[in-house]
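**Q** Handing over protein.txt, compact mmCIF, C-alpha atoms.
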# COMPACT_ATOMS: atom_id res chain seq x y z
CA MET A 18 24.30 -3.77 2.07
CA ALA A 19 20.52 -2.27 1.17
CA ASP A 20 13.67 -1.93 -1.02
CA THR A 21 9.92 -3.48 2.09
CA ALA A 22 8.01 -7.85 2.66
CA MET A 23 9.11 -10.87 1.19
CA SER A 24 7.09 -13.84 0.13
CA GLY A 25 7.83 -15.48 3.35
CA ALA A 26 11.12 -13.73 3.58
CA ALA A 27 12.01 -13.23 -0.02
CA GLU A 28 11.83 -10.30 -2.37
CA SER A 29 10.63 -11.63 -5.64
CA ALA A 30 7.74 -10.59 -7.84
CA GLY A 31 5.02 -9.53 -5.48
CA THR A 32 7.11 -9.63 -2.35
CA ALA A 33 8.39 -6.74 -0.38
CA GLU A 34 11.63 -5.40 0.84
CA PRO A 35 12.52 -2.80 3.32
CA VAL A 36 12.42 0.34 1.48
CA GLU A 37 13.64 2.93 3.84
CA SER A 38 13.08 6.33 2.45
CA VAL A 39 14.37 8.25 5.42
CA PRO A 40 13.81 11.91 6.27
CA GLU A 41 16.25 14.32 4.69
CA ILE A 42 18.78 15.98 6.94
CA PRO A 43 17.36 19.41 7.84
CA ALA A 44 19.30 22.61 7.29
CA ALA A 45 20.97 22.67 10.69
CA ARG A 46 24.36 22.79 9.03
CA SER A 47 25.63 24.83 6.16
CA ALA A 48 24.06 23.75 2.89
CA ALA A 49 27.41 22.45 1.65
CA GLY A 50 27.99 20.48 4.84
CA ALA A 51 24.54 18.94 4.75
CA ASP A 52 24.97 18.01 1.10
CA ALA A 53 28.32 16.38 1.81
CA LEU A 54 26.87 14.38 4.70
CA ASP A 55 23.87 13.36 2.60
CA ARG A 56 26.14 12.11 -0.16
CA ALA A 57 28.35 10.18 2.23
CA VAL A 58 25.39 8.55 3.97
CA TRP A 59 23.83 7.62 0.63
CA ARG A 60 27.04 6.09 -0.72
CA LEU A 61 27.31 3.85 2.31
CA ARG A 62 23.62 3.01 2.48
CA SER A 63 23.37 2.17 -1.21
CA ARG A 64 26.16 -0.39 -0.77
CA GLY A 65 24.60 -1.91 2.34
CA CYS A 66 27.02 -0.35 4.82
CA TRP A 67 24.28 0.71 7.24
CA ASP A 68 26.40 0.65 10.39
CA ASP A 69 28.93 3.00 8.82
CA ALA A 70 26.19 5.29 7.54
CA ALA A 71 24.56 5.37 10.98
CA ALA A 72 27.92 6.19 12.56
CA LEU A 73 28.18 9.32 10.41
CA LEU A 74 24.86 10.51 11.82
CA GLU A 75 25.54 9.54 15.43
CA PRO A 76 27.29 12.78 16.49
CA HIS A 77 24.21 14.76 15.44
CA ALA A 78 21.55 12.31 16.59
CA ALA A 79 21.96 12.88 20.32
CA GLY A 80 20.26 16.27 20.33
CA PHE A 81 18.47 16.66 17.02
CA PRO A 82 15.36 14.52 16.37
CA PRO A 83 15.52 14.38 12.53
CA TYR A 84 19.06 12.97 12.68
CA ALA A 85 18.01 10.48 15.35
CA ILE A 86 15.06 9.33 13.25
CA ARG A 87 17.18 9.00 10.16
CA ARG A 88 19.81 7.01 12.03
CA ALA A 89 17.13 4.68 13.40
CA ALA A 90 15.72 4.22 9.90
CA LEU A 91 19.10 3.09 8.58
CA LEU A 92 19.42 0.48 11.31
CA VAL A 93 15.84 -0.71 10.76
CA GLU A 94 16.64 -1.14 7.06
CA ARG A 95 19.71 -3.17 8.02
CA CYS A 96 17.47 -5.56 9.94
CA MET A 97 15.24 -6.09 6.91
CA PHE A 98 18.12 -6.78 4.58
CA THR A 99 20.33 -8.85 6.87
CA ALA A 100 17.99 -10.22 9.60
CA THR A 101 20.58 -8.99 12.12
CA GLY A 102 21.12 -5.92 14.28
CA TRP A 103 17.76 -5.96 16.05
CA ALA A 104 19.05 -4.68 19.39
CA ALA A 105 20.89 -1.75 17.82
CA ALA A 106 17.78 -0.78 15.85
CA GLU A 107 15.63 -0.98 18.99
CA ASP A 108 18.06 1.24 20.90
CA ALA A 109 18.17 3.80 18.09
CA LEU A 110 14.39 3.80 17.84
CA ARG A 111 13.91 4.36 21.56
CA ALA A 112 16.32 7.29 21.40
CA ALA A 113 14.49 8.79 18.42
CA GLU A 114 11.10 8.33 20.09
CA ALA A 115 12.35 10.06 23.23
CA LEU A 116 13.66 13.04 21.28
CA ALA A 117 10.66 13.50 18.96
CA GLY A 118 9.06 16.85 19.73
CA ASP A 119 6.24 17.38 17.25
CA ASP A 120 3.67 15.33 15.36
CA ASP A 121 5.82 14.92 12.25
CA GLU A 122 8.74 13.61 14.29
CA ARG A 123 6.57 11.37 16.43
CA GLY A 124 4.83 10.09 13.30
CA ALA A 125 8.13 9.35 11.56
CA ALA A 126 9.43 7.49 14.61
CA ALA A 127 6.19 5.49 14.83
CA CYS A 128 6.51 4.59 11.15
CA GLU A 129 9.98 3.18 11.80
CA ARG A 130 8.68 1.30 14.85
CA GLY A 131 6.02 -0.27 12.65
CA GLN A 132 8.58 -1.22 10.02
CA LEU A 133 10.85 -2.89 12.55
CA ALA A 134 7.95 -4.93 13.96
CA TYR A 135 6.85 -5.83 10.42
CA ALA A 136 10.38 -6.96 9.50
CA ALA A 137 10.59 -9.19 12.58
CA THR A 138 7.25 -10.75 11.66
CA VAL A 139 7.95 -11.30 7.96
CA LEU A 140 11.44 -12.68 8.56
CA GLY A 141 10.11 -15.14 11.14
CA VAL A 142 12.12 -13.70 14.03
CA ARG A 143 9.05 -13.05 16.19
CA ASP A 144 5.38 -12.37 15.51
CA ARG A 145 5.03 -8.63 16.11
CA ALA A 146 2.17 -8.02 13.69
CA ASP A 147 -0.06 -6.40 16.32
CA GLU A 148 2.74 -4.02 17.28
CA ALA A 149 3.31 -3.17 13.61
CA ARG A 150 -0.39 -2.40 13.08
CA SER A 151 -0.51 -0.26 16.22
CA ALA A 152 2.62 1.71 15.35
CA LEU A 153 1.59 2.35 11.75
CA GLY A 154 -1.88 3.36 12.93
CA ARG A 155 -0.29 5.81 15.35
CA ALA A 156 1.84 7.22 12.54
CA ALA A 157 -1.28 7.66 10.38
CA ALA A 158 -2.94 9.65 13.16
CA LEU A 159 0.12 11.90 13.59
CA LEU A 160 1.20 12.56 10.00
CA ALA A 161 -0.87 15.03 7.99
CA PRO A 162 -2.13 13.81 4.59
CA ALA A 163 0.37 16.07 2.79
CA ALA A 164 3.32 15.39 5.11
CA PRO A 165 6.54 14.29 3.39
CA GLY A 166 6.56 11.06 5.40
CA ARG A 167 3.05 10.05 4.37
CA PRO A 168 3.95 8.22 1.13
CA LEU A 169 6.38 5.94 2.98
CA LEU A 170 3.72 5.25 5.59
CA ASP A 171 1.19 4.41 2.85
CA PHE A 172 3.70 2.03 1.28
CA ARG A 173 4.32 0.24 4.54
CA ARG A 174 0.62 -0.06 5.22
CA GLY A 175 0.38 -1.66 1.77
CA LEU A 176 3.00 -4.19 2.82
CA MET A 177 0.98 -5.03 5.90
CA ALA A 178 -2.18 -5.43 3.81
CA GLU A 179 -0.49 -7.68 1.26
CA HIS A 180 1.80 -9.82 3.38
CA ILE A 181 0.18 -9.88 6.81
CA ALA A 182 -3.55 -9.41 6.12
CA ASP A 183 -3.47 -11.11 2.68
CA SER A 184 -5.61 -8.33 1.20
CA PRO A 185 -4.20 -7.54 -2.25
CA GLU A 186 -6.88 -4.98 -3.09
CA ALA A 187 -6.17 -2.97 0.06
CA ALA A 188 -2.47 -3.29 -0.68
CA ARG A 189 -2.94 -2.04 -4.25
CA ALA A 190 -4.84 1.04 -3.02
CA ALA A 191 -2.13 1.80 -0.46
CA TYR A 192 0.68 1.33 -3.00
CA ARG A 193 -1.08 3.66 -5.44
CA ARG A 194 -1.40 6.35 -2.75
CA ALA A 195 2.27 5.89 -1.94
CA HIS A 196 3.20 6.08 -5.64
CA ALA A 197 1.26 9.32 -6.12
CA GLY A 198 2.74 10.82 -2.96
CA ALA A 199 6.29 9.80 -3.88
CA THR A 200 5.80 11.44 -7.28
CA THR A 201 4.56 14.64 -5.64
CA HIS A 202 7.44 14.77 -3.15
CA GLY A 203 10.10 13.70 -5.63
CA ASP A 204 11.00 10.55 -3.67
CA THR A 205 12.54 8.60 -6.54
CA LEU A 206 13.82 5.70 -4.45
CA LEU A 207 10.37 5.09 -2.98
CA LEU A 208 8.99 5.08 -6.53
CA SER A 209 11.27 2.12 -7.27
CA PHE A 210 9.48 0.27 -4.48
CA THR A 211 5.96 1.25 -5.44
CA TRP A 212 6.58 0.33 -9.09
CA ARG A 213 7.86 -3.08 -8.04
CA HIS A 214 5.10 -3.93 -5.62
CA LEU A 215 2.34 -2.76 -7.94
CA ALA A 216 4.00 -4.90 -10.62
CA GLY A 217 4.02 -7.85 -8.24
CA LEU A 218 0.27 -7.55 -7.77
CA ALA A 219 -0.20 -7.23 -11.53
CA LEU A 220 1.80 -10.44 -12.06
CA ARG A 221 -0.32 -12.15 -9.43
CA ASP A 222 -3.39 -11.17 -11.46
CA GLY A 223 -1.87 -12.41 -14.73
CA GLU A 224 -1.28 -8.91 -16.15
CA LEU A 225 2.09 -9.77 -17.64
CA ALA A 226 2.71 -6.62 -19.69
CA GLU A 227 1.85 -4.36 -16.77
CA ALA A 228 4.08 -6.41 -14.49
CA ARG A 229 7.05 -6.26 -16.86
CA HIS A 230 6.69 -2.50 -17.18
CA GLY A 231 6.60 -1.94 -13.43
CA PHE A 232 9.53 -4.25 -12.71
CA ALA A 233 11.56 -2.62 -15.51
CA GLU A 234 10.84 0.86 -14.12
CA SER A 235 11.92 -0.24 -10.65
CA LEU A 236 15.17 -1.67 -11.99
CA ARG A 237 15.84 1.42 -14.13
CA ILE A 238 15.45 3.76 -11.15
CA ARG A 239 17.70 1.70 -8.92
CA GLU A 240 20.41 1.51 -11.55
CA GLU A 241 20.20 5.26 -12.18
CA LEU A 242 20.37 6.05 -8.46
CA GLY A 243 23.20 3.61 -7.87
CA PHE A 244 21.16 1.70 -5.28
CA LEU A 245 23.45 -1.28 -5.66
CA VAL A 246 22.16 -3.32 -2.74
CA GLY A 247 18.62 -3.16 -4.14
CA THR A 248 19.52 -4.02 -7.72
CA ALA A 249 19.74 -7.81 -7.42
CA PRO A 250 16.19 -8.09 -6.01
CA ALA A 251 14.93 -5.87 -8.85
CA LEU A 252 16.62 -8.14 -11.41
CA VAL A 253 15.06 -11.25 -9.86
CA ALA A 254 11.62 -9.62 -9.88
CA LEU A 255 11.92 -8.67 -13.56
CA ALA A 256 13.13 -12.20 -14.38
CA ASP A 257 9.90 -13.60 -12.95
CA ALA A 258 7.95 -11.72 -15.64
CA ALA A 259 10.45 -12.07 -18.51
CA PRO A 260 10.59 -14.65 -21.31
CA PRO A 261 12.82 -17.64 -20.44
CA GLU A 262 15.68 -16.53 -22.68
CA GLU A 263 15.82 -13.14 -20.92
CA ALA A 264 15.10 -14.45 -17.45
CA GLU A 265 18.24 -16.59 -17.37
CA GLY A 266 20.49 -13.59 -18.04
CA LEU A 267 18.69 -11.46 -15.46
CA ARG A 268 19.07 -14.10 -12.77
CA THR A 269 22.73 -14.65 -13.63
CA GLU A 270 23.43 -10.94 -13.20
CA ALA A 271 21.38 -10.88 -10.00
CA ALA A 272 23.45 -13.75 -8.60
CA ARG A 273 26.68 -11.96 -9.47
CA LEU A 274 25.56 -8.79 -7.66
CA PHE A 275 24.20 -10.76 -4.72
CA ARG A 276 27.57 -12.42 -4.20
CA LEU A 277 29.35 -9.10 -4.71
CA MET A 278 27.24 -7.69 -1.88
CA GLY A 279 28.30 -10.50 0.41
CA GLY A 280 24.99 -12.36 0.30
CA VAL A 281 22.74 -9.38 1.05
CA PRO A 282 19.78 -9.21 1.12
CA THR A 283 19.90 -12.54 2.89
CA TRP A 284 16.38 -13.57 1.91
CA LEU A 285 17.32 -13.54 -1.78
CA ALA A 286 19.57 -16.57 -1.35
CA GLU A 287 16.84 -19.15 -1.95
CA HIS A 288 15.94 -17.55 -5.28
CA LEU A 289 19.52 -17.71 -6.54
CA ALA A 290 20.78 -20.95 -5.00
CA ASP A 291 20.73 -22.83 -8.32
CA VAL A 292 22.10 -19.99 -10.47
CA PRO A 293 25.72 -20.70 -11.51
CA VAL A 294 28.39 -18.16 -10.71
CA ALA A 295 29.17 -16.07 -13.76
CA PRO A 296 32.40 -14.08 -14.28
CA ALA A 297 32.17 -10.34 -13.81
CA PRO A 298 31.83 -8.43 -17.08
CA SER A 299 35.16 -7.21 -18.45
Represent the structure contained in this file as structure tokens.
**A**
Amino acid sequence: MADTAMSGAAESAGTAEPVESVPEIPAARSAAGADALDRAVWRLRSRGCWDDAAALLEPHAAGFPPYAIRRAALLVERCMFTATGWAAAEDALRAAEALAGDDDERGAAACERGQLAYAATVLGVRDRADEARSALGRAAALLAPAAPGRPLLDFRRGLMAEHIADSPEAARAAYRRAHAGATTHGDTLLLSFTWRHLAGLALRDGELAEARHGFAESLRIREELGFLVGTAPALVALADAAPPEEAEGLRTEAARLFRLMGGVPTWLAEHLADVPVAPAPS
């Protein structure tokens, strides 16, 4: 079930998760049909059912690059949240790269390639940091500054700066560019990621009020969007900046959601191992 790097492999304050803000389905179908498919894919994705969501796109992905890229993005996100499915994501990426026909499509595919390599590195599967840098650099050369995919690319370059290069100032600049771009393009889900990662850097610098605000905004957005698989990590992040009496309740709710999601994202387990199971609210 399904936000981009973890401290080590965990998404807590200042860590990252996968955020996959994938390209919207273009108007190759009737508007109503596209809307229905969008809604179905989102419902599955938001509950961490990436394989099922990808299966809905598969009939269209064989001959239409935007569908192929979006399908690959879902499977890349699955890798980040579950540390499984690497071969399927690689296959989907190769298919999307082969179909890409213009700079925007090639740039979007390269961005997903960079994210997959980053995920493998951060989760300790294999060190692919050089591949991630190369792919994200290629995406930066292909995507125009005002392209819809640019904010996601900026965010992922921020993750690389923070968690691979250990350069928080470069990460902060990249996250701010991503935040501004997500605001311009109306990418609300990506805003939940930029709020959280900017808050993580603020917490690292001892700016507690700023951190609490950012974490709370991230959680609010995810709850409003129904991004269920990303809600437990947002609760844990806010708990890290909350007073002890609030933090306990936040972590208890995070643990309940984490178990409801079947232990996804997997890298959250170490943060919640000592939190007792609480009954679901009546």
**Q** Can you tell me, as a PyMOL selection string, what residues are no more than 12 Å from Pro82 of chain A when counting only C-alpha atoms, ignoring any on the same chain fewer than 2 positions away?
**A** chain A and resi 40-43+45+74-75+77-80+84-89+109-126
**Q** Compare A:Pro250, A:Pro165, A:Gly198, A:Gly154 by their minimum atom-to-atom distance to Met177 of chain A, counting all atoms listed in the file, and give me the closest one.
**A**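 Checking each candidate against Met177 of chain A, we get A:Gly154 as the closest.
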**Q** Quote the spacing between atom CA of Asp204 of chain A and atom CA of Ala190 of chain A in Å to one decimal place.
**A**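 Atom CA of Ala190 of chain A lies at a distance of 18.5 Å from atom CA of Asp204 of chain A.
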**Q** Tell me, in Å to one decimal, how far atom CA of Phe81 of chain A is from atom CA of Leu242 of chain A.
**A** 27.7 Å
**Q** Could you check how far atom CA of Ala272 of chain A sits from atom CA of Leu208 of chain A, in Å to one decimal?
**A**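 Computing the Euclidean distance for atom CA of Ala272 of chain A and atom CA of Leu208 of chain A yields 23.8 Å.
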**Q** Compare A:Ala163, A:Ala286, A:Ala100, A:Ala259 by their minimum atom-to-atom distance to Ala271 of chain A, counting only C-alpha atoms, and give me the closest one.
**A**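 Under the stated criterion, the closest residue is A:Ala286.
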**Q** Using all atoms listed in the file, which of A:Leu140, A:Ala71, A:Leu133, A:Ala104 sits nearest Leu91 of chain A?
**A** A:Ala71
**Q** Which residue gives the smallest distance to Ala254 of chain A among A:Arg273, A:Arg189, A:Arg268, A:Arg174, with all atoms listed in the file counted?
**A**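 Closest to Ala254 of chain A, using all atoms listed in the file: A:Arg268.
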**Q** I'd like a table as a Markdown table: residues in segment 239-290 of chain A with an atom no more than 12 Å from segment 227-230 of chain A, each row giving the shortest atom pair and its distance in Å to one decimal, only C-alpha atoms counted, sorted by chain and rising residue number.
**A**
| residue | atom | partner | partner_atom | distance |
| --- | --- | --- | --- | --- |
| A:Ala251 | CA | A:Arg229 | CA | 11.2 |
| A:Leu252 | CA | A:Arg229 | CA | 11.2 |
| A:Val253 | CA | A:Arg229 | CA | 11.7 |
| A:Ala254 | CA | A:Arg229 | CA | 9.0 |
| A:Leu255 | CA | A:Arg229 | CA | 6.4 |
| A:Ala256 | CA | A:Arg229 | CA | 8.9 |
| A:Asp257 | CA | A:Arg229 | CA | 8.8 |
| A:Ala258 | CA | A:Arg229 | CA | 5.7 |
| A:Ala259 | CA | A:Arg229 | CA | 6.9 |
| A:Pro260 | CA | A:Arg229 | CA | 10.1 |
| A:Glu263 | CA | A:Arg229 | CA | 11.9 |
| A:Ala264 | CA | A:Arg229 | CA | 11.5 |
**Q** Restrict the selected residues to C-alpha atoms and save them as a PDB file, in the frame of the given file.
**A**
ATOM      1  CA  ALA A 251      14.930  -5.870  -8.850  1.00  0.00           C
ATOM      2  CA  LEU A 252      16.620  -8.140 -11.410  1.00  0.00           C
ATOM      3  CA  VAL A 253      15.060 -11.250  -9.860  1.00  0.00           C
ATOM      4  CA  ALA A 254      11.620  -9.620  -9.880  1.00  0.00           C
ATOM      5  CA  LEU A 255      11.920  -8.670 -13.560  1.00  0.00           C
ATOM      6  CA  ALA A 256      13.130 -12.200 -14.380  1.00  0.00           C
ATOM      7  CA  ASP A 257       9.900 -13.600 -12.950  1.00  0.00           C
ATOM      8  CA  ALA A 258       7.950 -11.720 -15.640  1.00  0.00           C
ATOM      9  CA  ALA A 259      10.450 -12.070 -18.510  1.00  0.00           C
ATOM     10  CA  PRO A 260      10.590 -14.650 -21.310  1.00  0.00           C
ATOM     11  CA  GLU A 263      15.820 -13.140 -20.920  1.00  0.00           C
ATOM     12  CA  ALA A 264      15.100 -14.450 -17.450  1.00  0.00           C
TER      13      ALA A 264
END
**Q** Which residues, written as a PyMOL selection string, have at least one atom at most 10 Å from segment 275-281 of chain A, with only C-alpha atoms counted and residues fewer than 5 positions away on the same chain left out?
**A** chain A and resi 18-19+64-66+95+98-100+245-250+269-270+286+289+294+297
**Q** For Thr211 of chain A, which of A:Phe172, A:Leu274, A:Glu240, A:Glu224 is the closest residue, counting all atoms listed in the file?
**A**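 Closest candidate: A:Phe172.
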**Q** Output as a PDB file, keeping the file's coordinate frame: segment 160-175 of chain A, completed with N, CA, C and O atoms.
**A**
ATOM      1  N   LEU A 160       0.706  11.932  11.222  1.00  0.00           N
ATOM      2  CA  LEU A 160       1.200  12.560  10.000  1.00  0.00           C
ATOM      3  C   LEU A 160       0.049  13.136   9.184  1.00  0.00           C
ATOM      4  O   LEU A 160      -0.917  12.437   8.879  1.00  0.00           O
ATOM      5  N   ALA A 161       0.150  14.396   8.822  1.00  0.00           N
ATOM      6  CA  ALA A 161      -0.870  15.030   7.990  1.00  0.00           C
ATOM      7  C   ALA A 161      -0.891  14.395   6.617  1.00  0.00           C
ATOM      8  O   ALA A 161       0.122  13.850   6.155  1.00  0.00           O
ATOM      9  N   PRO A 162      -2.039  14.446   5.925  1.00  0.00           N
ATOM     10  CA  PRO A 162      -2.130  13.810   4.590  1.00  0.00           C
ATOM     11  C   PRO A 162      -1.057  14.282   3.614  1.00  0.00           C
ATOM     12  O   PRO A 162      -0.621  13.504   2.757  1.00  0.00           O
ATOM     13  N   ALA A 163      -0.627  15.543   3.727  1.00  0.00           N
ATOM     14  CA  ALA A 163       0.370  16.070   2.790  1.00  0.00           C
ATOM     15  C   ALA A 163       1.781  16.046   3.356  1.00  0.00           C
ATOM     16  O   ALA A 163       2.698  16.591   2.735  1.00  0.00           O
ATOM     17  N   ALA A 164       1.988  15.425   4.496  1.00  0.00           N
ATOM     18  CA  ALA A 164       3.320  15.390   5.110  1.00  0.00           C
ATOM     19  C   ALA A 164       4.293  14.602   4.242  1.00  0.00           C
ATOM     20  O   ALA A 164       3.910  13.625   3.606  1.00  0.00           O
ATOM     21  N   PRO A 165       5.564  15.001   4.210  1.00  0.00           N
ATOM     22  CA  PRO A 165       6.540  14.290   3.390  1.00  0.00           C
ATOM     23  C   PRO A 165       6.682  12.815   3.747  1.00  0.00           C
ATOM     24  O   PRO A 165       7.023  11.998   2.889  1.00  0.00           O
ATOM     25  N   GLY A 166       6.434  12.448   4.997  1.00  0.00           N
ATOM     26  CA  GLY A 166       6.560  11.060   5.400  1.00  0.00           C
ATOM     27  C   GLY A 166       5.351  10.203   5.108  1.00  0.00           C
ATOM     28  O   GLY A 166       5.384   8.979   5.324  1.00  0.00           O
ATOM     29  N   ARG A 167       4.279  10.812   4.595  1.00  0.00           N
ATOM     30  CA  ARG A 167       3.050  10.050   4.370  1.00  0.00           C
ATOM     31  C   ARG A 167       3.178   8.989   3.282  1.00  0.00           C
ATOM     32  O   ARG A 167       2.641   7.879   3.437  1.00  0.00           O
ATOM     33  N   PRO A 168       3.849   9.266   2.156  1.00  0.00           N
ATOM     34  CA  PRO A 168       3.950   8.220   1.130  1.00  0.00           C
ATOM     35  C   PRO A 168       4.647   6.957   1.636  1.00  0.00           C
ATOM     36  O   PRO A 168       4.217   5.844   1.317  1.00  0.00           O
ATOM     37  N   LEU A 169       5.710   7.108   2.428  1.00  0.00           N
ATOM     38  CA  LEU A 169       6.380   5.940   2.980  1.00  0.00           C
ATOM     39  C   LEU A 169       5.448   5.175   3.912  1.00  0.00           C
ATOM     40  O   LEU A 169       5.405   3.942   3.892  1.00  0.00           O
ATOM     41  N   LEU A 170       4.688   5.903   4.711  1.00  0.00           N
ATOM     42  CA  LEU A 170       3.720   5.250   5.590  1.00  0.00           C
ATOM     43  C   LEU A 170       2.679   4.488   4.768  1.00  0.00           C
ATOM     44  O   LEU A 170       2.350   3.335   5.088  1.00  0.00           O
ATOM     45  N   ASP A 171       2.168   5.101   3.705  1.00  0.00           N
ATOM     46  CA  ASP A 171       1.190   4.410   2.850  1.00  0.00           C
ATOM     47  C   ASP A 171       1.791   3.134   2.267  1.00  0.00           C
ATOM     48  O   ASP A 171       1.116   2.093   2.198  1.00  0.00           O
ATOM     49  N   PHE A 172       3.048   3.213   1.837  1.00  0.00           N
ATOM     50  CA  PHE A 172       3.700   2.030   1.280  1.00  0.00           C
ATOM     51  C   PHE A 172       3.778   0.918   2.310  1.00  0.00           C
ATOM     52  O   PHE A 172       3.457  -0.242   2.035  1.00  0.00           O
ATOM     53  N   ARG A 173       4.178   1.261   3.514  1.00  0.00           N
ATOM     54  CA  ARG A 173       4.320   0.240   4.540  1.00  0.00           C
ATOM     55  C   ARG A 173       2.970  -0.336   4.964  1.00  0.00           C
ATOM     56  O   ARG A 173       2.872  -1.522   5.292  1.00  0.00           O
ATOM     57  N   ARG A 174       1.952   0.473   4.929  1.00  0.00           N
ATOM     58  CA  ARG A 174       0.620  -0.060   5.220  1.00  0.00           C
ATOM     59  C   ARG A 174       0.185  -1.003   4.089  1.00  0.00           C
ATOM     60  O   ARG A 174      -0.530  -1.984   4.321  1.00  0.00           O
ATOM     61  N   GLY A 175       0.633  -0.728   2.872  1.00  0.00           N
ATOM     62  CA  GLY A 175       0.380  -1.660   1.770  1.00  0.00           C
ATOM     63  C   GLY A 175       1.063  -2.994   1.995  1.00  0.00           C
ATOM     64  O   GLY A 175       0.492  -4.057   1.731  1.00  0.00           O
TER      65      GLY A 175
END
